[in-house]
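Novice: Next comes coords.cif, mmCIF, N, CA and C atoms:
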```
data_start
#
loop_
_atom_site.label_atom_id
_atom_site.label_comp_id
_atom_site.auth_asym_id
_atom_site.auth_seq_id
_atom_site.Cartn_x
_atom_site.Cartn_y
_atom_site.Cartn_z
N GLN A 1 -73.32 36.62 158.11
CA GLN A 1 -72.96 35.38 157.44
C GLN A 1 -73.55 35.32 156.05
N VAL A 2 -72.79 34.76 155.15
CA VAL A 2 -73.24 34.58 153.77
C VAL A 2 -73.04 33.12 153.41
N GLN A 3 -74.07 32.52 152.87
CA GLN A 3 -73.95 31.16 152.34
C GLN A 3 -73.96 31.25 150.82
N LEU A 4 -73.02 30.55 150.19
CA LEU A 4 -72.89 30.57 148.74
C LEU A 4 -73.03 29.15 148.20
N VAL A 5 -73.83 29.01 147.18
CA VAL A 5 -74.03 27.69 146.57
C VAL A 5 -73.82 27.80 145.07
N GLU A 6 -72.82 27.08 144.57
CA GLU A 6 -72.54 27.08 143.14
C GLU A 6 -73.34 25.97 142.45
N SER A 7 -73.62 26.19 141.19
CA SER A 7 -74.26 25.16 140.37
C SER A 7 -73.89 25.40 138.92
N GLY A 8 -74.15 24.40 138.09
CA GLY A 8 -73.92 24.55 136.66
C GLY A 8 -72.72 23.83 136.11
N GLY A 9 -71.94 23.21 136.98
CA GLY A 9 -70.78 22.48 136.49
C GLY A 9 -71.18 21.23 135.71
N GLY A 10 -70.20 20.62 135.07
CA GLY A 10 -70.49 19.41 134.32
C GLY A 10 -69.32 18.94 133.52
N LEU A 11 -69.60 17.93 132.69
CA LEU A 11 -68.60 17.33 131.82
C LEU A 11 -68.95 17.68 130.38
N LEU A 12 -67.96 18.19 129.65
CA LEU A 12 -68.24 18.54 128.26
C LEU A 12 -66.95 18.49 127.46
N GLN A 13 -67.11 18.59 126.14
CA GLN A 13 -65.96 18.54 125.26
C GLN A 13 -65.35 19.92 125.06
N ALA A 14 -64.12 19.93 124.68
CA ALA A 14 -63.43 21.19 124.40
C ALA A 14 -64.20 21.99 123.35
N GLY A 15 -64.23 23.30 123.58
CA GLY A 15 -64.95 24.19 122.68
C GLY A 15 -66.36 24.49 123.14
N GLY A 16 -66.85 23.74 124.11
CA GLY A 16 -68.20 23.93 124.60
C GLY A 16 -68.33 25.09 125.57
N SER A 17 -69.56 25.28 126.04
CA SER A 17 -69.86 26.39 126.94
C SER A 17 -70.63 25.89 128.16
N LEU A 18 -70.43 26.59 129.26
CA LEU A 18 -71.17 26.36 130.49
C LEU A 18 -71.43 27.69 131.15
N ARG A 19 -72.51 27.74 131.92
CA ARG A 19 -72.74 28.91 132.75
C ARG A 19 -72.85 28.45 134.20
N LEU A 20 -71.95 28.94 135.01
CA LEU A 20 -71.99 28.66 136.44
C LEU A 20 -72.81 29.73 137.15
N SER A 21 -73.52 29.31 138.16
CA SER A 21 -74.29 30.24 138.99
C SER A 21 -73.83 30.13 140.43
N CYS A 22 -73.93 31.22 141.14
CA CYS A 22 -73.60 31.26 142.57
C CYS A 22 -74.72 32.01 143.26
N ALA A 23 -75.52 31.28 144.00
CA ALA A 23 -76.64 31.87 144.72
C ALA A 23 -76.25 32.15 146.16
N ALA A 24 -76.50 33.37 146.59
CA ALA A 24 -76.14 33.78 147.95
C ALA A 24 -77.38 33.84 148.82
N SER A 25 -77.21 33.49 150.06
CA SER A 25 -78.30 33.59 151.03
C SER A 25 -77.73 33.93 152.39
N GLY A 26 -78.61 34.31 153.29
CA GLY A 26 -78.20 34.64 154.65
C GLY A 26 -77.93 36.12 154.84
N ARG A 27 -77.51 36.76 153.77
CA ARG A 27 -77.23 38.19 153.82
C ARG A 27 -77.17 38.66 152.38
N THR A 28 -77.66 39.83 152.12
CA THR A 28 -77.60 40.33 150.77
C THR A 28 -76.14 40.56 150.34
N VAL A 29 -75.87 40.26 149.09
CA VAL A 29 -74.53 40.50 148.56
C VAL A 29 -74.56 41.67 147.59
N ARG A 30 -75.59 42.51 147.70
CA ARG A 30 -75.71 43.63 146.76
C ARG A 30 -74.50 44.56 146.85
N ARG A 31 -73.94 44.70 148.04
CA ARG A 31 -72.80 45.61 148.21
C ARG A 31 -71.52 44.84 148.53
N VAL A 32 -71.42 43.65 147.95
CA VAL A 32 -70.29 42.78 148.22
C VAL A 32 -69.63 42.38 146.91
N ALA A 33 -68.31 42.53 146.85
CA ALA A 33 -67.57 42.06 145.68
C ALA A 33 -67.61 40.54 145.63
N MET A 34 -67.70 40.01 144.42
CA MET A 34 -67.81 38.56 144.25
C MET A 34 -66.72 38.08 143.30
N GLY A 35 -66.22 36.89 143.56
CA GLY A 35 -65.17 36.35 142.70
C GLY A 35 -65.40 34.88 142.41
N TRP A 36 -64.76 34.44 141.33
CA TRP A 36 -64.71 33.03 140.99
C TRP A 36 -63.24 32.59 141.01
N PHE A 37 -63.01 31.47 141.63
CA PHE A 37 -61.69 30.86 141.67
C PHE A 37 -61.83 29.41 141.21
N ARG A 38 -60.70 28.80 140.89
CA ARG A 38 -60.73 27.40 140.53
C ARG A 38 -59.51 26.69 141.08
N GLN A 39 -59.67 25.39 141.25
CA GLN A 39 -58.55 24.60 141.76
C GLN A 39 -58.54 23.26 141.06
N ALA A 40 -57.45 23.00 140.37
CA ALA A 40 -57.25 21.72 139.70
C ALA A 40 -56.49 20.79 140.63
N PRO A 41 -56.59 19.48 140.43
CA PRO A 41 -55.88 18.54 141.30
C PRO A 41 -54.39 18.81 141.35
N GLY A 42 -53.86 18.88 142.56
CA GLY A 42 -52.44 19.11 142.74
C GLY A 42 -51.97 20.53 142.54
N LYS A 43 -52.91 21.45 142.32
CA LYS A 43 -52.55 22.85 142.10
C LYS A 43 -53.20 23.74 143.14
N GLU A 44 -52.65 24.93 143.27
CA GLU A 44 -53.22 25.90 144.20
C GLU A 44 -54.49 26.52 143.60
N ARG A 45 -55.31 27.03 144.50
CA ARG A 45 -56.50 27.73 144.05
C ARG A 45 -56.08 29.00 143.32
N GLU A 46 -56.68 29.25 142.16
CA GLU A 46 -56.29 30.41 141.37
C GLU A 46 -57.49 31.28 141.02
N PHE A 47 -57.18 32.54 140.87
CA PHE A 47 -58.19 33.53 140.51
C PHE A 47 -58.67 33.31 139.09
N VAL A 48 -59.98 33.47 138.88
CA VAL A 48 -60.55 33.37 137.55
C VAL A 48 -61.17 34.71 137.13
N ALA A 49 -62.07 35.22 137.94
CA ALA A 49 -62.77 36.46 137.60
C ALA A 49 -63.37 37.06 138.86
N ALA A 50 -63.62 38.37 138.82
CA ALA A 50 -64.26 39.05 139.94
C ALA A 50 -65.07 40.22 139.42
N ILE A 51 -66.03 40.62 140.25
CA ILE A 51 -66.89 41.74 139.89
C ILE A 51 -67.11 42.59 141.13
N SER A 52 -66.98 43.89 140.97
CA SER A 52 -67.21 44.78 142.10
C SER A 52 -68.69 44.79 142.47
N TRP A 53 -68.99 45.34 143.64
CA TRP A 53 -70.38 45.26 144.08
C TRP A 53 -71.31 46.07 143.20
N THR A 54 -70.79 47.10 142.55
CA THR A 54 -71.62 47.89 141.65
C THR A 54 -71.79 47.21 140.30
N GLY A 55 -70.89 46.27 140.01
CA GLY A 55 -70.91 45.66 138.69
C GLY A 55 -70.15 46.45 137.65
N ALA A 56 -69.60 47.59 138.05
CA ALA A 56 -68.93 48.47 137.10
C ALA A 56 -67.52 47.99 136.77
N ASN A 57 -66.92 47.28 137.70
CA ASN A 57 -65.54 46.81 137.51
C ASN A 57 -65.51 45.29 137.39
N LEU A 58 -64.94 44.83 136.29
CA LEU A 58 -64.81 43.40 136.03
C LEU A 58 -63.33 43.07 135.89
N PHE A 59 -62.94 41.94 136.42
CA PHE A 59 -61.54 41.54 136.41
C PHE A 59 -61.44 40.08 135.97
N TYR A 60 -60.42 39.79 135.15
CA TYR A 60 -60.25 38.43 134.64
C TYR A 60 -58.79 38.02 134.69
N ALA A 61 -58.58 36.74 134.93
CA ALA A 61 -57.25 36.18 134.75
C ALA A 61 -56.93 36.17 133.26
N ASP A 62 -55.66 36.33 132.93
CA ASP A 62 -55.26 36.34 131.52
C ASP A 62 -55.68 35.06 130.81
N SER A 63 -55.67 33.95 131.52
CA SER A 63 -55.96 32.66 130.91
C SER A 63 -57.41 32.51 130.45
N VAL A 64 -58.30 33.36 130.97
CA VAL A 64 -59.72 33.23 130.62
C VAL A 64 -60.26 34.47 129.92
N LYS A 65 -59.45 35.50 129.82
CA LYS A 65 -59.90 36.76 129.23
C LYS A 65 -60.34 36.53 127.79
N GLY A 66 -61.51 37.06 127.46
CA GLY A 66 -62.04 36.88 126.12
C GLY A 66 -62.90 35.64 125.96
N ARG A 67 -62.84 34.74 126.93
CA ARG A 67 -63.64 33.51 126.86
C ARG A 67 -64.70 33.45 127.97
N PHE A 68 -64.37 33.98 129.14
CA PHE A 68 -65.27 33.95 130.29
C PHE A 68 -65.84 35.33 130.55
N THR A 69 -67.07 35.36 131.05
CA THR A 69 -67.72 36.62 131.41
C THR A 69 -68.38 36.47 132.77
N ILE A 70 -68.04 37.37 133.68
CA ILE A 70 -68.68 37.38 134.99
C ILE A 70 -69.77 38.45 134.99
N SER A 71 -70.86 38.14 135.67
CA SER A 71 -71.96 39.11 135.78
C SER A 71 -72.69 38.85 137.09
N ARG A 72 -73.54 39.79 137.44
CA ARG A 72 -74.30 39.63 138.68
C ARG A 72 -75.71 40.17 138.50
N ASP A 73 -76.63 39.56 139.23
CA ASP A 73 -78.01 40.03 139.28
C ASP A 73 -78.30 40.26 140.76
N ASN A 74 -78.19 41.49 141.18
CA ASN A 74 -78.34 41.78 142.61
C ASN A 74 -79.78 41.54 143.09
N ALA A 75 -80.73 41.67 142.20
CA ALA A 75 -82.11 41.40 142.59
C ALA A 75 -82.31 39.93 142.95
N LYS A 76 -81.51 39.07 142.33
CA LYS A 76 -81.60 37.64 142.60
C LYS A 76 -80.50 37.16 143.53
N ASN A 77 -79.65 38.08 143.98
CA ASN A 77 -78.53 37.71 144.85
C ASN A 77 -77.70 36.59 144.24
N THR A 78 -77.44 36.72 142.94
CA THR A 78 -76.76 35.66 142.20
C THR A 78 -75.66 36.24 141.32
N VAL A 79 -74.56 35.50 141.24
CA VAL A 79 -73.46 35.85 140.37
C VAL A 79 -73.28 34.71 139.37
N TYR A 80 -72.89 35.07 138.15
CA TYR A 80 -72.76 34.08 137.08
C TYR A 80 -71.35 34.11 136.50
N LEU A 81 -70.97 32.98 135.94
CA LEU A 81 -69.74 32.91 135.18
C LEU A 81 -70.06 32.17 133.88
N GLN A 82 -70.14 32.93 132.80
CA GLN A 82 -70.36 32.34 131.49
C GLN A 82 -69.01 31.93 130.92
N MET A 83 -68.88 30.65 130.60
CA MET A 83 -67.61 30.13 130.12
C MET A 83 -67.79 29.61 128.70
N ASN A 84 -67.11 30.22 127.76
CA ASN A 84 -67.17 29.81 126.36
C ASN A 84 -65.79 29.33 125.91
N GLY A 85 -65.77 28.57 124.83
CA GLY A 85 -64.50 28.11 124.31
C GLY A 85 -63.69 27.34 125.33
N LEU A 86 -64.34 26.46 126.06
CA LEU A 86 -63.66 25.76 127.14
C LEU A 86 -62.55 24.86 126.62
N LYS A 87 -61.49 24.77 127.40
CA LYS A 87 -60.30 23.99 127.07
C LYS A 87 -60.07 22.94 128.16
N PRO A 88 -59.36 21.87 127.84
CA PRO A 88 -59.06 20.87 128.87
C PRO A 88 -58.37 21.48 130.10
N GLU A 89 -57.56 22.50 129.90
CA GLU A 89 -56.87 23.12 131.02
C GLU A 89 -57.80 23.94 131.91
N ASP A 90 -59.04 24.10 131.52
CA ASP A 90 -60.03 24.75 132.39
C ASP A 90 -60.64 23.77 133.39
N THR A 91 -60.31 22.51 133.27
CA THR A 91 -60.83 21.50 134.18
C THR A 91 -60.39 21.80 135.60
N ALA A 92 -61.36 21.90 136.51
CA ALA A 92 -61.08 22.24 137.90
C ALA A 92 -62.39 22.25 138.68
N VAL A 93 -62.26 22.37 139.98
CA VAL A 93 -63.41 22.70 140.81
C VAL A 93 -63.49 24.22 140.87
N TYR A 94 -64.64 24.76 140.57
CA TYR A 94 -64.84 26.20 140.53
C TYR A 94 -65.58 26.65 141.79
N TYR A 95 -65.02 27.66 142.43
CA TYR A 95 -65.55 28.17 143.68
C TYR A 95 -65.99 29.62 143.52
N CYS A 96 -67.10 29.91 144.13
CA CYS A 96 -67.60 31.28 144.24
C CYS A 96 -67.18 31.82 145.60
N ALA A 97 -66.86 33.11 145.67
CA ALA A 97 -66.43 33.70 146.93
C ALA A 97 -66.93 35.13 147.05
N ALA A 98 -67.07 35.58 148.28
CA ALA A 98 -67.57 36.93 148.56
C ALA A 98 -66.60 37.69 149.44
N ASP A 99 -66.37 38.93 149.08
CA ASP A 99 -65.48 39.80 149.85
C ASP A 99 -66.23 41.08 150.20
N PRO A 100 -66.66 41.20 151.45
CA PRO A 100 -67.44 42.38 151.83
C PRO A 100 -66.62 43.66 152.01
N THR A 101 -65.28 43.54 151.94
CA THR A 101 -64.46 44.70 152.30
C THR A 101 -63.92 45.48 151.12
N VAL A 102 -63.77 44.87 149.97
CA VAL A 102 -63.15 45.55 148.85
C VAL A 102 -64.20 46.28 148.03
N SER A 103 -63.82 47.48 147.57
CA SER A 103 -64.78 48.26 146.78
C SER A 103 -64.11 49.06 145.68
N GLY A 104 -62.79 49.04 145.63
CA GLY A 104 -62.08 49.88 144.68
C GLY A 104 -61.99 49.29 143.30
N PRO A 105 -61.33 49.99 142.39
CA PRO A 105 -61.24 49.57 141.00
C PRO A 105 -59.94 48.85 140.64
N TYR A 106 -59.19 48.41 141.67
CA TYR A 106 -57.87 47.87 141.38
C TYR A 106 -57.87 46.35 141.33
N TYR A 107 -57.33 45.83 140.25
CA TYR A 107 -57.26 44.39 140.01
C TYR A 107 -56.62 43.67 141.19
N SER A 108 -55.57 44.23 141.71
CA SER A 108 -54.81 43.57 142.78
C SER A 108 -55.65 43.35 144.04
N ASP A 109 -56.70 44.13 144.21
CA ASP A 109 -57.55 43.99 145.40
C ASP A 109 -58.48 42.78 145.32
N TYR A 110 -58.60 42.20 144.15
CA TYR A 110 -59.61 41.15 143.94
C TYR A 110 -59.03 39.77 143.69
N VAL A 111 -57.72 39.65 143.45
CA VAL A 111 -57.20 38.40 142.92
C VAL A 111 -56.74 37.40 143.97
N SER A 112 -56.54 37.83 145.19
CA SER A 112 -56.04 36.89 146.20
C SER A 112 -57.19 36.18 146.91
N PRO A 113 -57.12 34.85 147.01
CA PRO A 113 -58.17 34.13 147.76
C PRO A 113 -58.24 34.58 149.22
N LYS A 114 -57.15 35.07 149.74
CA LYS A 114 -57.11 35.46 151.16
C LYS A 114 -58.02 36.64 151.46
N GLY A 115 -58.38 37.38 150.43
CA GLY A 115 -59.22 38.55 150.66
C GLY A 115 -60.69 38.23 150.78
N TYR A 116 -61.06 36.99 150.50
CA TYR A 116 -62.47 36.61 150.47
C TYR A 116 -62.86 35.89 151.75
N ASP A 117 -63.95 36.33 152.34
CA ASP A 117 -64.38 35.79 153.63
C ASP A 117 -65.32 34.60 153.52
N TYR A 118 -66.06 34.50 152.44
CA TYR A 118 -67.08 33.47 152.31
C TYR A 118 -66.86 32.69 151.02
N TRP A 119 -67.05 31.39 151.13
CA TRP A 119 -66.81 30.49 150.00
C TRP A 119 -67.93 29.49 149.84
N GLY A 120 -68.21 29.13 148.60
CA GLY A 120 -69.12 28.04 148.33
C GLY A 120 -68.40 26.71 148.40
N GLN A 121 -69.14 25.65 148.14
CA GLN A 121 -68.58 24.31 148.24
C GLN A 121 -67.89 23.87 146.96
N GLY A 122 -68.11 24.59 145.89
CA GLY A 122 -67.47 24.29 144.62
C GLY A 122 -68.33 23.45 143.70
N THR A 123 -68.07 23.60 142.40
CA THR A 123 -68.75 22.78 141.39
C THR A 123 -67.71 22.33 140.37
N GLN A 124 -67.77 21.05 140.02
CA GLN A 124 -66.75 20.48 139.14
C GLN A 124 -67.04 20.80 137.69
N VAL A 125 -65.99 21.24 137.00
CA VAL A 125 -66.05 21.42 135.55
C VAL A 125 -64.95 20.55 134.95
N THR A 126 -65.35 19.67 134.05
CA THR A 126 -64.40 18.77 133.40
C THR A 126 -64.54 18.93 131.89
N VAL A 127 -63.43 19.26 131.24
CA VAL A 127 -63.43 19.48 129.80
C VAL A 127 -62.53 18.43 129.16
N SER A 128 -63.11 17.64 128.29
CA SER A 128 -62.34 16.60 127.62
C SER A 128 -61.85 17.10 126.26
N SER A 129 -60.74 16.53 125.82
CA SER A 129 -60.16 16.97 124.54
C SER A 129 -60.73 16.18 123.37
#
```
Translate this structure into structure tokens?
Specialist:
Amino acid sequence: QVQLVESGGGLLQAGGSLRLSCAASGRTVRRVAMGWFRQAPGKEREFVAAISWTGANLFYADSVKGRFTISRDNAKNTVYLQMNGLKPEDTAVYYCAADPTVSGPYYSDYVSPKGYDYWGQGTQVTVSS
């Protein structure tokens, strides 16, 4: 079992920055792929970013590429999402997720929420215009 707890969300103006954190407990996530997803009101949960367990492979949705950066600190069992240049359309609840089964370098293996076994409770990010 893996417990994931997100933090770092908040309310800010467009153009600002936030760093989300996802702390894992219950089991090490050193060899587990991690992802960030988001869900806006009335919309389906969508992929934002993912990182392979080695940290060598990073994946981003086109909508956040160049603005968001995912990283991990395996010593701290924590994954981060640095979000810069935030836009009102980034407003959503952001979820951290863990997938113990994927290890390859292919984008398609990381983007579906169905592939992730463990989820955090989410943290709200609200960007005003």
Novice: Give the answer as one residue: which of A:Asp73, A:Pro100, A:Tyr95, A:Ala40 has the shortest atom-to-atom distance to Ser7 in chain A, using only C-alpha atoms?
Specialist: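 The shortest atom-to-atom distance to Ser7 in chain A comes from A:Tyr95.
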Novice: Report, in Å with one decimal, the straight-line distance from atom N of Ala92 in chain A to atom C of Phe37 in chain A.
Specialist: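 Pair atom N of Ala92 in chain A / atom C of Phe37 in chain A returns 8.9 Å.
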Novice: Just give me the gap between atom N of Ser17 in chain A and atom C of Lys43 in chain A in Å, one decimal is fine.
Specialist: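 A separation of 23.7 Å between them.
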Novice: Would you write out, as a compact mmCIF listing (two decimals) with N, CA and C atoms, in the coordinates of the input, every residue that the PyMOL selection byres ((chain A and resi 30) around 8) captures in this file?
Specialist:
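Just written: result29.txt:
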```txt
# COMPACT_ATOMS: atom_id res chain seq x y z
N ARG A 27 -77.51 36.76 153.77
CA ARG A 27 -77.23 38.19 153.82
C ARG A 27 -77.17 38.66 152.38
N THR A 28 -77.66 39.83 152.12
CA THR A 28 -77.60 40.33 150.77
C THR A 28 -76.14 40.56 150.34
N VAL A 29 -75.87 40.26 149.09
CA VAL A 29 -74.53 40.50 148.56
C VAL A 29 -74.56 41.67 147.59
N ARG A 31 -73.94 44.70 148.04
CA ARG A 31 -72.80 45.61 148.21
C ARG A 31 -71.52 44.84 148.53
N VAL A 32 -71.42 43.65 147.95
CA VAL A 32 -70.29 42.78 148.22
C VAL A 32 -69.63 42.38 146.91
N ALA A 33 -68.31 42.53 146.85
CA ALA A 33 -67.57 42.06 145.68
C ALA A 33 -67.61 40.54 145.63
N SER A 52 -66.98 43.89 140.97
CA SER A 52 -67.21 44.78 142.10
C SER A 52 -68.69 44.79 142.47
N TRP A 53 -68.99 45.34 143.64
CA TRP A 53 -70.38 45.26 144.08
C TRP A 53 -71.31 46.07 143.20
N THR A 54 -70.79 47.10 142.55
CA THR A 54 -71.62 47.89 141.65
C THR A 54 -71.79 47.21 140.30
N GLY A 55 -70.89 46.27 140.01
CA GLY A 55 -70.91 45.66 138.69
C GLY A 55 -70.15 46.45 137.65
N ASP A 73 -76.63 39.56 139.23
CA ASP A 73 -78.01 40.03 139.28
C ASP A 73 -78.30 40.26 140.76
N ASN A 74 -78.19 41.49 141.18
CA ASN A 74 -78.34 41.78 142.61
C ASN A 74 -79.78 41.54 143.09
N ALA A 75 -80.73 41.67 142.20
CA ALA A 75 -82.11 41.40 142.59
C ALA A 75 -82.31 39.93 142.95
N ASN A 77 -79.65 38.08 143.98
CA ASN A 77 -78.53 37.71 144.85
C ASN A 77 -77.70 36.59 144.24
N THR A 78 -77.44 36.72 142.94
CA THR A 78 -76.76 35.66 142.20
C THR A 78 -75.66 36.24 141.32
```
Novice: Between A:Asp62, A:Asp109, A:Glu44, A:Asp117, which is the closest to Cys96 in chain A once you count only C-alpha atoms?
Specialist: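 Smallest separation from Cys96 in chain A among the options: A:Asp117.
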Novice: Go through the shown structure with the PyMOL selection byres ((chain A and resi 118-124) around 6.5) and write out the matching residues as a PyMOL selection string.
Specialist: chain A and resi 2-7+9-11+92-99+116-117+125-126
Novice: Here is a test: counting all atoms listed in the file, which residue of A:Leu20, A:Val111, A:Tyr80, A:Ser129 is nearest to Val48 in chain A?
Specialist: A:Val111
Novice: Select from chain A everything DSSP, run on the backbone, classes as helix (DSSP H, G or I), then give the selection as number ranges by chain.
Specialist: A: 88-90, 107-109, 113-115
Novice: Under the rule that only N, CA and C atoms are counted, which of A:Leu58, A:Ala24, A:Ala50, A:Leu86 is the nearest residue to Val127 in chain A?
Specialist: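 Nearest to Val127 in chain A: A:Leu86.
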Novice: What are the DSSP strand (DSSP E or B) residues of chain A, as a PyMOL selection string?
Specialist: chain A and resi 3-7+10-13+18-25+33-39+46-51+58-60+68-73+78-83+92-99+118-119+123-128
Novice: Can you work out the spacing between CA of Gly66 in chain A and CA of Gly85 in chain A in Å, to one decimal?
Specialist: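 We find that CA of Gly66 in chain A and CA of Gly85 in chain A lie 9.3 Å from each other.
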Novice: Please define a box with edges along x, y and z of the file around all atoms of range 106-120 of chain A given in the file, extend it by 8 Å on each side, and return its centre and edge lengths in Å to one decimal, as lines of an AutoDock Vina configuration file.
Specialist:
```
center_x = -62.0
center_y = 37.6
center_z = 146.8
size_x = 30.3
size_y = 37.7
size_z = 29.6
```
Novice: Between A:Ile51, A:Cys22, A:Val64, A:Met34, which is the closest to Val79 in chain A once you count only N, CA and C atoms?
Specialist: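 For Val79 in chain A, the nearest of the given residues is A:Cys22.
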Novice: Ranking A:Asn84, A:Ser128, A:Ile70, A:Lys76 by minimum distance to Ala14 in chain A and counting all atoms listed in the file, which one comes first?
Specialist: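 Comparing A:Asn84, A:Ser128, A:Ile70, A:Lys76 against Ala14 in chain A, the winner is A:Ser128.
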Novice: Please expand the PyMOL selection byres ((chain A and resi 47) around 6.5) into the concrete residues it hits in this file, giving the result as a list of chain:residue names.
Specialist: A:Trp36, A:Phe37, A:Arg38, A:Arg45, A:Glu46, A:Val48, A:Ala49, A:Tyr60, A:Ala61, A:Val111
Novice: With N, CA and C atoms retained, write the just-selected residues as a PDB file, in the coordinates of the input.
Specialist:
```pdb
ATOM      1  N   TRP A  36     -64.760  34.440 141.330  1.00  0.00           N
ATOM      2  CA  TRP A  36     -64.710  33.030 140.990  1.00  0.00           C
ATOM      3  C   TRP A  36     -63.240  32.590 141.010  1.00  0.00           C
ATOM      4  N   PHE A  37     -63.010  31.470 141.630  1.00  0.00           N
ATOM      5  CA  PHE A  37     -61.690  30.860 141.670  1.00  0.00           C
ATOM      6  C   PHE A  37     -61.830  29.410 141.210  1.00  0.00           C
ATOM      7  N   ARG A  38     -60.700  28.800 140.890  1.00  0.00           N
ATOM      8  CA  ARG A  38     -60.730  27.400 140.530  1.00  0.00           C
ATOM      9  C   ARG A  38     -59.510  26.690 141.080  1.00  0.00           C
ATOM     10  N   ARG A  45     -55.310  27.030 144.500  1.00  0.00           N
ATOM     11  CA  ARG A  45     -56.500  27.730 144.050  1.00  0.00           C
ATOM     12  C   ARG A  45     -56.080  29.000 143.320  1.00  0.00           C
ATOM     13  N   GLU A  46     -56.680  29.250 142.160  1.00  0.00           N
ATOM     14  CA  GLU A  46     -56.290  30.410 141.370  1.00  0.00           C
ATOM     15  C   GLU A  46     -57.490  31.280 141.020  1.00  0.00           C
ATOM     16  N   VAL A  48     -59.980  33.470 138.880  1.00  0.00           N
ATOM     17  CA  VAL A  48     -60.550  33.370 137.550  1.00  0.00           C
ATOM     18  C   VAL A  48     -61.170  34.710 137.130  1.00  0.00           C
ATOM     19  N   ALA A  49     -62.070  35.220 137.940  1.00  0.00           N
ATOM     20  CA  ALA A  49     -62.770  36.460 137.600  1.00  0.00           C
ATOM     21  C   ALA A  49     -63.370  37.060 138.860  1.00  0.00           C
ATOM     22  N   TYR A  60     -60.420  39.790 135.150  1.00  0.00           N
ATOM     23  CA  TYR A  60     -60.250  38.430 134.640  1.00  0.00           C
ATOM     24  C   TYR A  60     -58.790  38.020 134.690  1.00  0.00           C
ATOM     25  N   ALA A  61     -58.580  36.740 134.930  1.00  0.00           N
ATOM     26  CA  ALA A  61     -57.250  36.180 134.750  1.00  0.00           C
ATOM     27  C   ALA A  61     -56.930  36.170 133.260  1.00  0.00           C
ATOM     28  N   VAL A 111     -57.720  39.650 143.450  1.00  0.00           N
ATOM     29  CA  VAL A 111     -57.200  38.400 142.920  1.00  0.00           C
ATOM     30  C   VAL A 111     -56.740  37.400 143.970  1.00  0.00           C
TER      31      VAL A 111
END
```
